[in-house]
Amino acid sequence: MKTLDKIPTGKIERTGSLLKAGAKVGVNYLKYYGNKITKDEDEARKILNENNAADIYDSLKELKGSALKVAQMLSMEKNILPVEYVDKFSLSQFSVPPLSGALVKKTFRKYFGKNPEDIFDEFSAESVNAASIGQVHTAKKGNKKLAVKIQYPGVKESISSDLKMVKPIAMKMFNIKKEGSESYFQEVEDKLFEETDYSLELKRSQHFSEECSHLPNVKFPQYYPAYSCEKIITMDWMSGIHFSEFTKKQNSQEDLNKLGQTLWDFYMYQMHVLKKVHADPHPGNFLISEDKELMVIDFGCIKEIPEDFYIPYFELAQEENLKNPEIFREKLFTLEILREEDSPQEKEFFAKLFYELLELFTRPFNQEKFDFSDESFFQEIAELGQKYAKAGDMKGMNTNRGSRHFIYLNRTFFGLYNMMHDLRSKDVVIHNFKNYLQ
């Protein structure tokens with residue numbers, strides 16, 4: 001894969017790159033109309049989606065930063081995007097063009113006043129992993145093998161302009177109204193700024209590693225503040241295979257169950273005990289060791305859950321509250337899903353919609369054990385998503401619903417459920433995390 005000597009950082013440069021992608025998409029549609037003459041509709045549409053996904057992804061991977069982060073987030077939305085987009089955008093988890101060696105050295109000199117080879121005993125000039133915000137190099141210090149994550153230049157500076165470019169696309173894709181949407185986009189922008197602060201990530205990584213170190217079968221790297229700064233993080237090298245590679249292999253059901261229970265306990269402990277959560281559960285952030293241990297290698301995106309949101313959110317997860325019309329309606333107002341100014345039609349529509357959503361998504365919480373290999377459960381999720389994506393009743397309604405805290409908590413559960421489904425774990429004990437309370 002070619003390396004990048006430069007990343008577009010100016011607003012004009014970055015906009016120009018997306019405009020080029022837009023022009024290619026226009027050409028793809030012309031080809032699509034031609035293909036409809038010689039091919040059936042499904043095949044022509046598949047070719048169109050593949051070409052569009054490739055051209056959009058090619059532009060995003062050159063831009064890196066928050067533009068590519070959006071692709072990474074969308075790659076987890078398997079029930080929203082066509083499969084061709086999901087397949088292409090999922091590459092953003094760990095397969096994008098790396099920075100050249102010259103740019104890497106320039107970053108080290110800026111923050112440490114030295115080249116990397118003057119700091120470490122050994123340092124790989126080529127990266128071993130490149131993603132949306134940074135890339136990883138291997139290094140050695142004494143007898144320790146290290147992973148050194150280096151942030152791409154200009155990522156932080158381009159966040160606000162990138163979101164302005166992406167905002168109209170997101171609003172159209174998710175039917176978001178302009179009025180009242182500011183808090184949602186501000187939440188995303190704040191989180192992206194946090195992800196570019198590697199000093200903050202270092203502190204959070206150390207905190208989560210310490211707080212969760214007693215959980216069985218979860219492993220964390222040790223972090224090295226002396227070789228870290230706001231744009232560079234140095235940690236132990238963890239030997240294992242990517243989560244997504246592991247799930248493609250033939251594995252015993254025993255191993256799949258063990259890892260599923262480990263992943264579930266890790267998230268429930270964060271959610272209910274720490275009240276802050278690793279809000280980026282995609283396969284690129286996890287490795288599996290030879291001993292079938294879950295290794296967590298990235299804490300860039302953390303969502304703190306305020307008590308006044310946590311309590312009503314998880315009260316609604318209890319079946320008896322969900323089925324009590326009075327309590328259910330009260331919690332919908334508390335969580336800003338329903339508003340006093342809503343019309344009777346809006347109140348009825350969104351109460352019904354969120355009842356269906358919550359009944360489905362909280363189903364695991366109301367059982368002692370849950371089977372995440374159950375295809376019918378995930379089929380229901382897909383069908384419900386499609387049902388409301390096509391709902392004509394929503395036209396003209398204000399669809400900006402719920403507290404801003406939903407954005408990253410829902411993203412956490414979507415990602416967690418997708419990973420549990422990939423593992424096809426059975427007999428996962430839902431409240432097992434209570435065994436590890438300290």
# chains A, B, ... in the order shown; residues from 1 in each chain; ligands from 1
>>> residues_around(residues="Leu437 in chain A", least_positions_apart="2", cutoff="9 Å", atoms="only C-alpha atoms", output="list in words")
Tyr269, Val273, Phe433, Lys434 and Asn435 of chain A
>>> write_last_selection(atoms="N, CA and C atoms", output="short mmCIF file (atom, residue, chain, number, x, y, z; two decimals), in the first residue's frame")
data_model
loop_
_atom_site.label_atom_id
_atom_site.label_comp_id
_atom_site.auth_asym_id
_atom_site.auth_seq_id
_atom_site.Cartn_x
_atom_site.Cartn_y
_atom_site.Cartn_z
N TYR A 269 -19.75 -4.33 33.29
CA TYR A 269 -19.02 -3.79 34.44
C TYR A 269 -18.78 -2.29 34.25
N VAL A 273 -20.97 -0.26 36.82
CA VAL A 273 -20.10 -0.01 37.97
C VAL A 273 -19.30 1.28 37.78
N PHE A 433 -21.55 -9.96 35.68
CA PHE A 433 -20.59 -8.92 36.12
C PHE A 433 -20.69 -8.68 37.62
N LYS A 434 -21.84 -8.98 38.23
CA LYS A 434 -22.03 -8.72 39.67
C LYS A 434 -21.09 -9.57 40.53
N ASN A 435 -20.57 -10.65 39.93
CA ASN A 435 -19.61 -11.49 40.65
C ASN A 435 -18.27 -10.80 40.84
#
>>> residues_around(residues="Ala317 in chain A", least_positions_apart="2", cutoff="9 Å", atoms="only C-alpha atoms", output="mmCIF file with all heavy atoms, in the first residue's frame")
data_model
loop_
_atom_site.group_PDB
_atom_site.id
_atom_site.type_symbol
_atom_site.label_atom_id
_atom_site.label_comp_id
_atom_site.auth_asym_id
_atom_site.auth_seq_id
_atom_site.Cartn_x
_atom_site.Cartn_y
_atom_site.Cartn_z
ATOM 1 N N PRO A 312 -33.066 6.484 34.531
ATOM 2 C CA PRO A 312 -34.258 6.215 33.706
ATOM 3 C C PRO A 312 -33.974 5.299 32.516
ATOM 4 O O PRO A 312 -34.841 4.508 32.124
ATOM 5 C CB PRO A 312 -34.696 7.612 33.236
ATOM 6 C CG PRO A 312 -33.510 8.495 33.401
ATOM 7 C CD PRO A 312 -32.733 7.926 34.535
ATOM 8 N N TYR A 313 -32.759 5.370 31.962
ATOM 9 C CA TYR A 313 -32.404 4.532 30.806
ATOM 10 C C TYR A 313 -32.508 3.052 31.170
ATOM 11 O O TYR A 313 -33.134 2.262 30.459
ATOM 12 C CB TYR A 313 -30.978 4.879 30.353
ATOM 13 C CG TYR A 313 -30.504 4.172 29.093
ATOM 14 C CD1 TYR A 313 -30.661 4.760 27.842
ATOM 15 C CD2 TYR A 313 -29.866 2.940 29.155
ATOM 16 C CE1 TYR A 313 -30.207 4.138 26.685
ATOM 17 C CE2 TYR A 313 -29.408 2.300 28.010
ATOM 18 C CZ TYR A 313 -29.577 2.902 26.776
ATOM 19 O OH TYR A 313 -29.124 2.275 25.641
ATOM 20 N N PHE A 314 -31.900 2.681 32.302
ATOM 21 C CA PHE A 314 -31.910 1.263 32.673
ATOM 22 C C PHE A 314 -33.186 0.852 33.399
ATOM 23 O O PHE A 314 -33.509 -0.334 33.457
ATOM 24 C CB PHE A 314 -30.643 0.900 33.460
ATOM 25 C CG PHE A 314 -29.448 0.777 32.562
ATOM 26 C CD1 PHE A 314 -28.512 1.799 32.469
ATOM 27 C CD2 PHE A 314 -29.288 -0.337 31.745
ATOM 28 C CE1 PHE A 314 -27.422 1.702 31.606
ATOM 29 C CE2 PHE A 314 -28.210 -0.446 30.876
ATOM 30 C CZ PHE A 314 -27.282 0.576 30.806
ATOM 31 N N GLU A 315 -33.936 1.834 33.933
ATOM 32 C CA GLU A 315 -35.266 1.506 34.446
ATOM 33 C C GLU A 315 -36.175 1.073 33.298
ATOM 34 O O GLU A 315 -36.993 0.168 33.442
ATOM 35 C CB GLU A 315 -35.859 2.714 35.173
ATOM 36 C CG GLU A 315 -35.309 2.895 36.583
ATOM 37 C CD GLU A 315 -35.846 4.115 37.285
ATOM 38 O OE1 GLU A 315 -36.345 5.041 36.605
ATOM 39 O OE2 GLU A 315 -35.760 4.159 38.527
ATOM 40 N N GLU A 319 -38.466 -5.125 32.132
ATOM 41 C CA GLU A 319 -39.699 -5.511 31.449
ATOM 42 C C GLU A 319 -40.957 -4.989 32.138
ATOM 43 O O GLU A 319 -41.897 -4.513 31.488
ATOM 44 C CB GLU A 319 -39.757 -7.045 31.337
ATOM 45 C CG GLU A 319 -40.818 -7.549 30.391
ATOM 46 C CD GLU A 319 -40.717 -9.056 30.184
ATOM 47 O OE1 GLU A 319 -40.066 -9.748 31.011
ATOM 48 O OE2 GLU A 319 -41.292 -9.543 29.209
ATOM 49 N N GLU A 320 -40.962 -5.024 33.485
ATOM 50 C CA GLU A 320 -42.176 -4.589 34.201
ATOM 51 C C GLU A 320 -42.439 -3.097 34.004
ATOM 52 O O GLU A 320 -43.590 -2.648 33.962
ATOM 53 C CB GLU A 320 -42.099 -4.929 35.701
ATOM 54 C CG GLU A 320 -40.967 -4.266 36.473
ATOM 55 C CD GLU A 320 -39.679 -5.091 36.489
ATOM 56 O OE1 GLU A 320 -39.476 -5.917 35.578
ATOM 57 O OE2 GLU A 320 -38.888 -4.889 37.423
ATOM 58 N N ASN A 321 -41.372 -2.287 33.866
ATOM 59 C CA ASN A 321 -41.544 -0.848 33.608
ATOM 60 C C ASN A 321 -41.968 -0.594 32.168
ATOM 61 O O ASN A 321 -42.780 0.290 31.889
ATOM 62 C CB ASN A 321 -40.251 -0.089 33.909
ATOM 63 C CG ASN A 321 -39.920 -0.076 35.377
ATOM 64 O OD1 ASN A 321 -40.824 -0.166 36.218
ATOM 65 N ND2 ASN A 321 -38.651 0.026 35.711
ATOM 66 N N LEU A 322 -41.385 -1.376 31.280
ATOM 67 C CA LEU A 322 -41.701 -1.237 29.852
ATOM 68 C C LEU A 322 -43.179 -1.513 29.598
ATOM 69 O O LEU A 322 -43.821 -0.862 28.771
ATOM 70 C CB LEU A 322 -40.823 -2.216 29.064
ATOM 71 C CG LEU A 322 -40.594 -1.963 27.577
ATOM 72 C CD1 LEU A 322 -39.990 -0.594 27.335
ATOM 73 C CD2 LEU A 322 -39.690 -3.046 26.998
ATOM 74 N N LEU A 358 -37.357 -0.682 22.264
ATOM 75 C CA LEU A 358 -36.860 -1.047 23.592
ATOM 76 C C LEU A 358 -37.206 -2.483 23.962
ATOM 77 O O LEU A 358 -36.390 -3.185 24.566
ATOM 78 C CB LEU A 358 -37.419 -0.073 24.635
ATOM 79 C CG LEU A 358 -36.813 1.341 24.577
ATOM 80 C CD1 LEU A 358 -37.684 2.327 25.338
ATOM 81 C CD2 LEU A 358 -35.395 1.344 25.118
ATOM 82 N N GLU A 359 -38.387 -2.929 23.575
ATOM 83 C CA GLU A 359 -38.758 -4.316 23.872
ATOM 84 C C GLU A 359 -37.775 -5.278 23.233
ATOM 85 O O GLU A 359 -37.366 -6.280 23.835
ATOM 86 C CB GLU A 359 -40.181 -4.587 23.360
ATOM 87 C CG GLU A 359 -40.752 -5.932 23.796
ATOM 88 C CD GLU A 359 -40.200 -7.139 23.032
ATOM 89 O OE1 GLU A 359 -39.997 -7.015 21.804
ATOM 90 O OE2 GLU A 359 -39.971 -8.190 23.661
ATOM 91 N N PHE A 361 -34.501 -4.462 21.967
ATOM 92 C CA PHE A 361 -33.099 -4.285 22.356
ATOM 93 C C PHE A 361 -32.827 -4.631 23.818
ATOM 94 O O PHE A 361 -31.700 -4.957 24.175
ATOM 95 C CB PHE A 361 -32.637 -2.848 22.061
ATOM 96 C CG PHE A 361 -32.208 -2.653 20.642
ATOM 97 C CD1 PHE A 361 -33.088 -2.153 19.704
ATOM 98 C CD2 PHE A 361 -30.933 -3.000 20.237
ATOM 99 C CE1 PHE A 361 -32.701 -1.993 18.386
ATOM 100 C CE2 PHE A 361 -30.532 -2.847 18.926
ATOM 101 C CZ PHE A 361 -31.423 -2.341 17.994
ATOM 102 N N THR A 362 -33.845 -4.549 24.663
ATOM 103 C CA THR A 362 -33.621 -4.876 26.079
ATOM 104 C C THR A 362 -33.959 -6.323 26.395
ATOM 105 O O THR A 362 -33.853 -6.739 27.545
ATOM 106 C CB THR A 362 -34.442 -3.940 26.992
ATOM 107 O OG1 THR A 362 -35.843 -4.143 26.729
ATOM 108 C CG2 THR A 362 -34.091 -2.487 26.765
ATOM 109 N N ARG A 363 -34.346 -7.081 25.389
ATOM 110 C CA ARG A 363 -34.732 -8.479 25.622
ATOM 111 C C ARG A 363 -33.639 -9.266 26.369
ATOM 112 O O ARG A 363 -33.945 -10.009 27.314
ATOM 113 C CB ARG A 363 -35.076 -9.144 24.289
ATOM 114 C CG ARG A 363 -36.091 -10.267 24.426
ATOM 115 C CD ARG A 363 -36.499 -10.794 23.074
ATOM 116 N NE ARG A 363 -37.408 -9.903 22.364
ATOM 117 C CZ ARG A 363 -37.738 -10.058 21.087
ATOM 118 N NH1 ARG A 363 -37.215 -11.053 20.390
ATOM 119 N NH2 ARG A 363 -38.583 -9.227 20.508
ATOM 120 N N PHE A 365 -31.595 -8.266 28.567
ATOM 121 C CA PHE A 365 -31.494 -7.837 29.965
ATOM 122 C C PHE A 365 -32.572 -8.448 30.847
ATOM 123 O O PHE A 365 -32.473 -8.415 32.070
ATOM 124 C CB PHE A 365 -31.568 -6.305 30.052
ATOM 125 C CG PHE A 365 -30.368 -5.622 29.479
ATOM 126 C CD1 PHE A 365 -30.365 -5.170 28.168
ATOM 127 C CD2 PHE A 365 -29.222 -5.461 30.237
ATOM 128 C CE1 PHE A 365 -29.256 -4.565 27.627
ATOM 129 C CE2 PHE A 365 -28.106 -4.855 29.712
ATOM 130 C CZ PHE A 365 -28.113 -4.404 28.399
ATOM 131 N N ASN A 366 -33.613 -8.968 30.226
ATOM 132 C CA ASN A 366 -34.721 -9.526 30.995
ATOM 133 C C ASN A 366 -34.702 -11.051 31.031
ATOM 134 O O ASN A 366 -35.709 -11.693 31.306
ATOM 135 C CB ASN A 366 -36.044 -8.995 30.438
ATOM 136 C CG ASN A 366 -36.199 -7.509 30.706
ATOM 137 O OD1 ASN A 366 -36.322 -7.096 31.850
ATOM 138 N ND2 ASN A 366 -36.152 -6.704 29.663
#
>>> closest_residue(among="A:Gly240, A:Pro325, A:Gly154, A:Gly101", to="Leu287 in chain A", atoms="only C-alpha atoms")
A:Gly240
>>> select_by_dssp(residues="range 191-280 of chain A", states="alpha helix (DSSP H)", output="VMD selection string")
chain A and resid 191 to 195 198 to 211 243 to 248 253 to 269
>>> closest_residue(among="A:Asn324, A:Asn217, A:Asn143, A:Ser181", to="Leu294 in chain A", atoms="only C-alpha atoms")
A:Asn217
>>> closest_residue(among="A:Glu230, A:Glu375, A:Glu201, A:Glu211", to="Tyr152 in chain A", atoms="only C-alpha atoms")
A:Glu230
>>> residues_around(residues="range 108-113 of chain A", least_positions_apart="6", cutoff="10 Å", atoms="only C-alpha atoms", output="NGL selection string")
:A and (119 or 150 or 227-232)
>>> write_last_selection(atoms="N, CA, C and O atoms", output="PDB file, in the first residue's frame")
ATOM      1  N   ILE A 119      15.155   7.568  20.395  1.00  0.00           N
ATOM      2  CA  ILE A 119      14.425   7.349  21.652  1.00  0.00           C
ATOM      3  C   ILE A 119      14.349   5.861  21.984  1.00  0.00           C
ATOM      4  O   ILE A 119      14.550   5.450  23.129  1.00  0.00           O
ATOM      5  N   ILE A 150       0.807   6.914  16.514  1.00  0.00           N
ATOM      6  CA  ILE A 150       1.117   8.289  16.121  1.00  0.00           C
ATOM      7  C   ILE A 150      -0.095   8.890  15.411  1.00  0.00           C
ATOM      8  O   ILE A 150      -0.634   8.305  14.475  1.00  0.00           O
ATOM      9  N   TYR A 227       7.137   8.034  27.066  1.00  0.00           N
ATOM     10  CA  TYR A 227       7.253   7.985  25.599  1.00  0.00           C
ATOM     11  C   TYR A 227       5.915   8.333  24.931  1.00  0.00           C
ATOM     12  O   TYR A 227       5.609   7.893  23.835  1.00  0.00           O
ATOM     13  N   SER A 228       5.098   9.113  25.660  1.00  0.00           N
ATOM     14  CA  SER A 228       3.784   9.493  25.146  1.00  0.00           C
ATOM     15  C   SER A 228       3.613  11.005  25.279  1.00  0.00           C
ATOM     16  O   SER A 228       4.264  11.656  26.096  1.00  0.00           O
ATOM     17  N   CYS A 229       2.725  11.563  24.463  1.00  0.00           N
ATOM     18  CA  CYS A 229       2.417  12.998  24.515  1.00  0.00           C
ATOM     19  C   CYS A 229       1.050  13.195  23.879  1.00  0.00           C
ATOM     20  O   CYS A 229       0.315  12.230  23.654  1.00  0.00           O
ATOM     21  N   GLU A 230       0.677  14.422  23.559  1.00  0.00           N
ATOM     22  CA  GLU A 230      -0.681  14.681  23.044  1.00  0.00           C
ATOM     23  C   GLU A 230      -0.927  14.083  21.663  1.00  0.00           C
ATOM     24  O   GLU A 230      -2.079  13.938  21.250  1.00  0.00           O
ATOM     25  N   LYS A 231       0.138  13.692  20.939  1.00  0.00           N
ATOM     26  CA  LYS A 231      -0.050  13.109  19.603  1.00  0.00           C
ATOM     27  C   LYS A 231       0.563  11.709  19.458  1.00  0.00           C
ATOM     28  O   LYS A 231       0.507  11.108  18.386  1.00  0.00           O
ATOM     29  N   ILE A 232       1.179  11.198  20.533  1.00  0.00           N
ATOM     30  CA  ILE A 232       1.837   9.880  20.480  1.00  0.00           C
ATOM     31  C   ILE A 232       1.519   9.111  21.769  1.00  0.00           C
ATOM     32  O   ILE A 232       1.589   9.682  22.862  1.00  0.00           O
TER      33      ILE A 232
END
>>> atom_distance(atom1="CA of Ala279 in chain A", atom2="CA of Lys303 in chain A")
5.8 Å
>>> closest_residue(among="A:Ala44, A:Leu335, A:Leu274, A:Leu202", to="Asp308 in chain A", atoms="only C-alpha atoms")
A:Leu335
>>> residues_around(residues="Thr334 in chain A", least_positions_apart="3", cutoff="9 Å", atoms="only C-alpha atoms", output="ChimeraX atom specification")
/A:308-309,312,329-331,337-338,403
>>> write_last_selection(atoms="N, CA, C and O atoms", output="compact mmCIF listing (two decimals), in the first residue's frame")
# COMPACT_ATOMS: atom_id res chain seq x y z
N ASP A 308 -28.42 11.07 36.06
CA ASP A 308 -29.80 11.42 35.72
C ASP A 308 -30.23 10.86 34.36
O ASP A 308 -31.41 10.94 34.00
N PHE A 309 -29.28 10.29 33.62
CA PHE A 309 -29.61 9.57 32.38
C PHE A 309 -29.57 8.06 32.63
O PHE A 309 -30.45 7.32 32.18
N PRO A 312 -33.07 6.48 34.53
CA PRO A 312 -34.26 6.22 33.71
C PRO A 312 -33.97 5.30 32.52
O PRO A 312 -34.84 4.51 32.12
N ARG A 329 -44.44 5.93 29.85
CA ARG A 329 -44.64 7.28 29.30
C ARG A 329 -43.82 8.31 30.10
O ARG A 329 -43.21 9.22 29.53
N GLU A 330 -43.81 8.16 31.41
CA GLU A 330 -43.05 9.08 32.26
C GLU A 330 -41.56 9.07 31.90
O GLU A 330 -40.92 10.13 31.79
N LYS A 331 -41.01 7.87 31.70
CA LYS A 331 -39.58 7.76 31.37
C LYS A 331 -39.28 8.32 29.98
O LYS A 331 -38.20 8.87 29.74
N ILE A 337 -37.51 11.72 24.83
CA ILE A 337 -38.02 11.03 23.64
C ILE A 337 -39.38 11.63 23.26
O ILE A 337 -39.68 11.83 22.08
N LEU A 338 -40.18 11.91 24.27
CA LEU A 338 -41.43 12.65 24.05
C LEU A 338 -41.27 14.04 24.65
O LEU A 338 -40.56 14.24 25.63
N SER A 403 -32.33 12.32 24.51
CA SER A 403 -31.18 13.04 25.05
C SER A 403 -29.94 12.79 24.19
O SER A 403 -29.81 11.75 23.55
>>> atom_distance(atom1="CA of Gln438 in chain A", atom2="CA of His214 in chain A")
9.1 Å
>>> select_by_dssp(residues="range 125-163 of chain A", states="strand (DSSP E or B)", output="number ranges by chain")
A: 129-130, 134-141, 144-151
>>> write_last_selection(atoms="C-alpha atoms", output="short mmCIF file (atom, residue, chain, number, x, y, z; two decimals), in the first residue's frame")
data_model
loop_
_atom_site.label_atom_id
_atom_site.label_comp_id
_atom_site.auth_asym_id
_atom_site.auth_seq_id
_atom_site.Cartn_x
_atom_site.Cartn_y
_atom_site.Cartn_z
CA ASN A 129 -1.63 -0.72 11.28
CA ALA A 130 -3.21 2.48 9.95
CA GLY A 134 -3.56 7.41 13.86
CA GLN A 135 -1.23 4.60 12.86
CA VAL A 136 0.83 2.10 14.84
CA HIS A 137 4.56 1.29 14.63
CA THR A 138 6.50 -1.37 16.49
CA ALA A 139 9.47 -0.43 18.68
CA LYS A 140 11.80 -1.97 21.25
CA LYS A 141 13.18 -0.58 24.48
CA LYS A 144 10.19 -4.88 25.76
CA LYS A 145 8.35 -4.88 22.43
CA LEU A 146 6.21 -1.77 22.16
CA ALA A 147 3.37 -0.39 20.05
CA VAL A 148 3.72 3.31 19.24
CA LYS A 149 0.55 5.05 18.03
CA ILE A 150 1.12 8.29 16.12
CA GLN A 151 -1.69 10.71 15.28
#
>>> closest_residue(among="A:Asn400, A:Gln367, A:Gln222, A:Gln250", to="Trp237 in chain A", atoms="only C-alpha atoms")
A:Gln222
>>> residues_around(residues="Lys203 in chain A", least_positions_apart="4", cutoff="12 Å", atoms="only C-alpha atoms", output="PDB file with N, CA and C atoms, in the first residue's frame")
ATOM      1  N   GLU A 194     -11.996  14.871  21.845  1.00  0.00           N
ATOM      2  CA  GLU A 194     -11.395  14.047  22.908  1.00  0.00           C
ATOM      3  C   GLU A 194     -10.514  12.948  22.312  1.00  0.00           C
ATOM      4  N   ASP A 197      -6.971  13.883  21.573  1.00  0.00           N
ATOM      5  CA  ASP A 197      -6.134  14.254  22.714  1.00  0.00           C
ATOM      6  C   ASP A 197      -5.534  12.973  23.296  1.00  0.00           C
ATOM      7  N   TYR A 198      -4.355  12.610  22.832  1.00  0.00           N
ATOM      8  CA  TYR A 198      -3.737  11.360  23.278  1.00  0.00           C
ATOM      9  C   TYR A 198      -3.299  11.416  24.743  1.00  0.00           C
ATOM     10  N   SER A 199      -3.089  12.614  25.291  1.00  0.00           N
ATOM     11  CA  SER A 199      -2.766  12.716  26.724  1.00  0.00           C
ATOM     12  C   SER A 199      -3.974  12.274  27.546  1.00  0.00           C
ATOM     13  N   HIS A 207      -6.629   4.283  33.570  1.00  0.00           N
ATOM     14  CA  HIS A 207      -7.742   4.178  34.520  1.00  0.00           C
ATOM     15  C   HIS A 207      -8.561   2.910  34.270  1.00  0.00           C
ATOM     16  N   PHE A 208      -8.952   2.678  33.004  1.00  0.00           N
ATOM     17  CA  PHE A 208      -9.756   1.497  32.686  1.00  0.00           C
ATOM     18  C   PHE A 208      -8.975   0.210  32.926  1.00  0.00           C
ATOM     19  N   SER A 209      -7.693   0.223  32.584  1.00  0.00           N
ATOM     20  CA  SER A 209      -6.856  -0.963  32.799  1.00  0.00           C
ATOM     21  C   SER A 209      -6.813  -1.335  34.277  1.00  0.00           C
ATOM     22  N   GLU A 210      -6.677  -0.327  35.135  1.00  0.00           N
ATOM     23  CA  GLU A 210      -6.616  -0.580  36.583  1.00  0.00           C
ATOM     24  C   GLU A 210      -7.973  -1.043  37.119  1.00  0.00           C
ATOM     25  N   GLN A 222       0.375  -2.380  29.110  1.00  0.00           N
ATOM     26  CA  GLN A 222       0.915  -1.357  30.017  1.00  0.00           C
ATOM     27  C   GLN A 222       1.242  -0.137  29.163  1.00  0.00           C
ATOM     28  N   TYR A 223       1.035   1.060  29.744  1.00  0.00           N
ATOM     29  CA  TYR A 223       1.268   2.307  29.003  1.00  0.00           C
ATOM     30  C   TYR A 223       2.502   3.011  29.548  1.00  0.00           C
ATOM     31  N   TYR A 224       3.163   3.792  28.687  1.00  0.00           N
ATOM     32  CA  TYR A 224       4.437   4.422  29.048  1.00  0.00           C
ATOM     33  C   TYR A 224       4.367   5.936  28.847  1.00  0.00           C
ATOM     34  N   PRO A 225       4.019   6.678  29.915  1.00  0.00           N
ATOM     35  CA  PRO A 225       3.897   8.136  29.818  1.00  0.00           C
ATOM     36  C   PRO A 225       5.179   8.825  29.337  1.00  0.00           C
ATOM     37  N   SER A 228       5.098   9.113  25.660  1.00  0.00           N
ATOM     38  CA  SER A 228       3.784   9.493  25.146  1.00  0.00           C
ATOM     39  C   SER A 228       3.613  11.005  25.279  1.00  0.00           C
ATOM     40  N   CYS A 229       2.725  11.563  24.463  1.00  0.00           N
ATOM     41  CA  CYS A 229       2.417  12.998  24.515  1.00  0.00           C
ATOM     42  C   CYS A 229       1.050  13.195  23.879  1.00  0.00           C
ATOM     43  N   GLU A 230       0.677  14.422  23.559  1.00  0.00           N
ATOM     44  CA  GLU A 230      -0.681  14.681  23.044  1.00  0.00           C
ATOM     45  C   GLU A 230      -0.927  14.083  21.663  1.00  0.00           C
ATOM     46  N   ILE A 233       1.163   7.833  21.629  1.00  0.00           N
ATOM     47  CA  ILE A 233       0.972   6.966  22.798  1.00  0.00           C
ATOM     48  C   ILE A 233       1.838   5.723  22.610  1.00  0.00           C
ATOM     49  N   PHE A 299      -8.549   2.991  23.834  1.00  0.00           N
ATOM     50  CA  PHE A 299      -9.552   3.643  24.682  1.00  0.00           C
ATOM     51  C   PHE A 299      -9.756   5.092  24.240  1.00  0.00           C
ATOM     52  N   GLY A 300      -9.761   5.314  22.941  1.00  0.00           N
ATOM     53  CA  GLY A 300      -9.878   6.681  22.418  1.00  0.00           C
ATOM     54  C   GLY A 300     -11.228   7.308  22.682  1.00  0.00           C
ATOM     55  N   ILE A 302     -14.456   7.403  24.972  1.00  0.00           N
ATOM     56  CA  ILE A 302     -15.074   7.030  26.250  1.00  0.00           C
ATOM     57  C   ILE A 302     -16.286   7.917  26.497  1.00  0.00           C
TER      58      ILE A 302
END
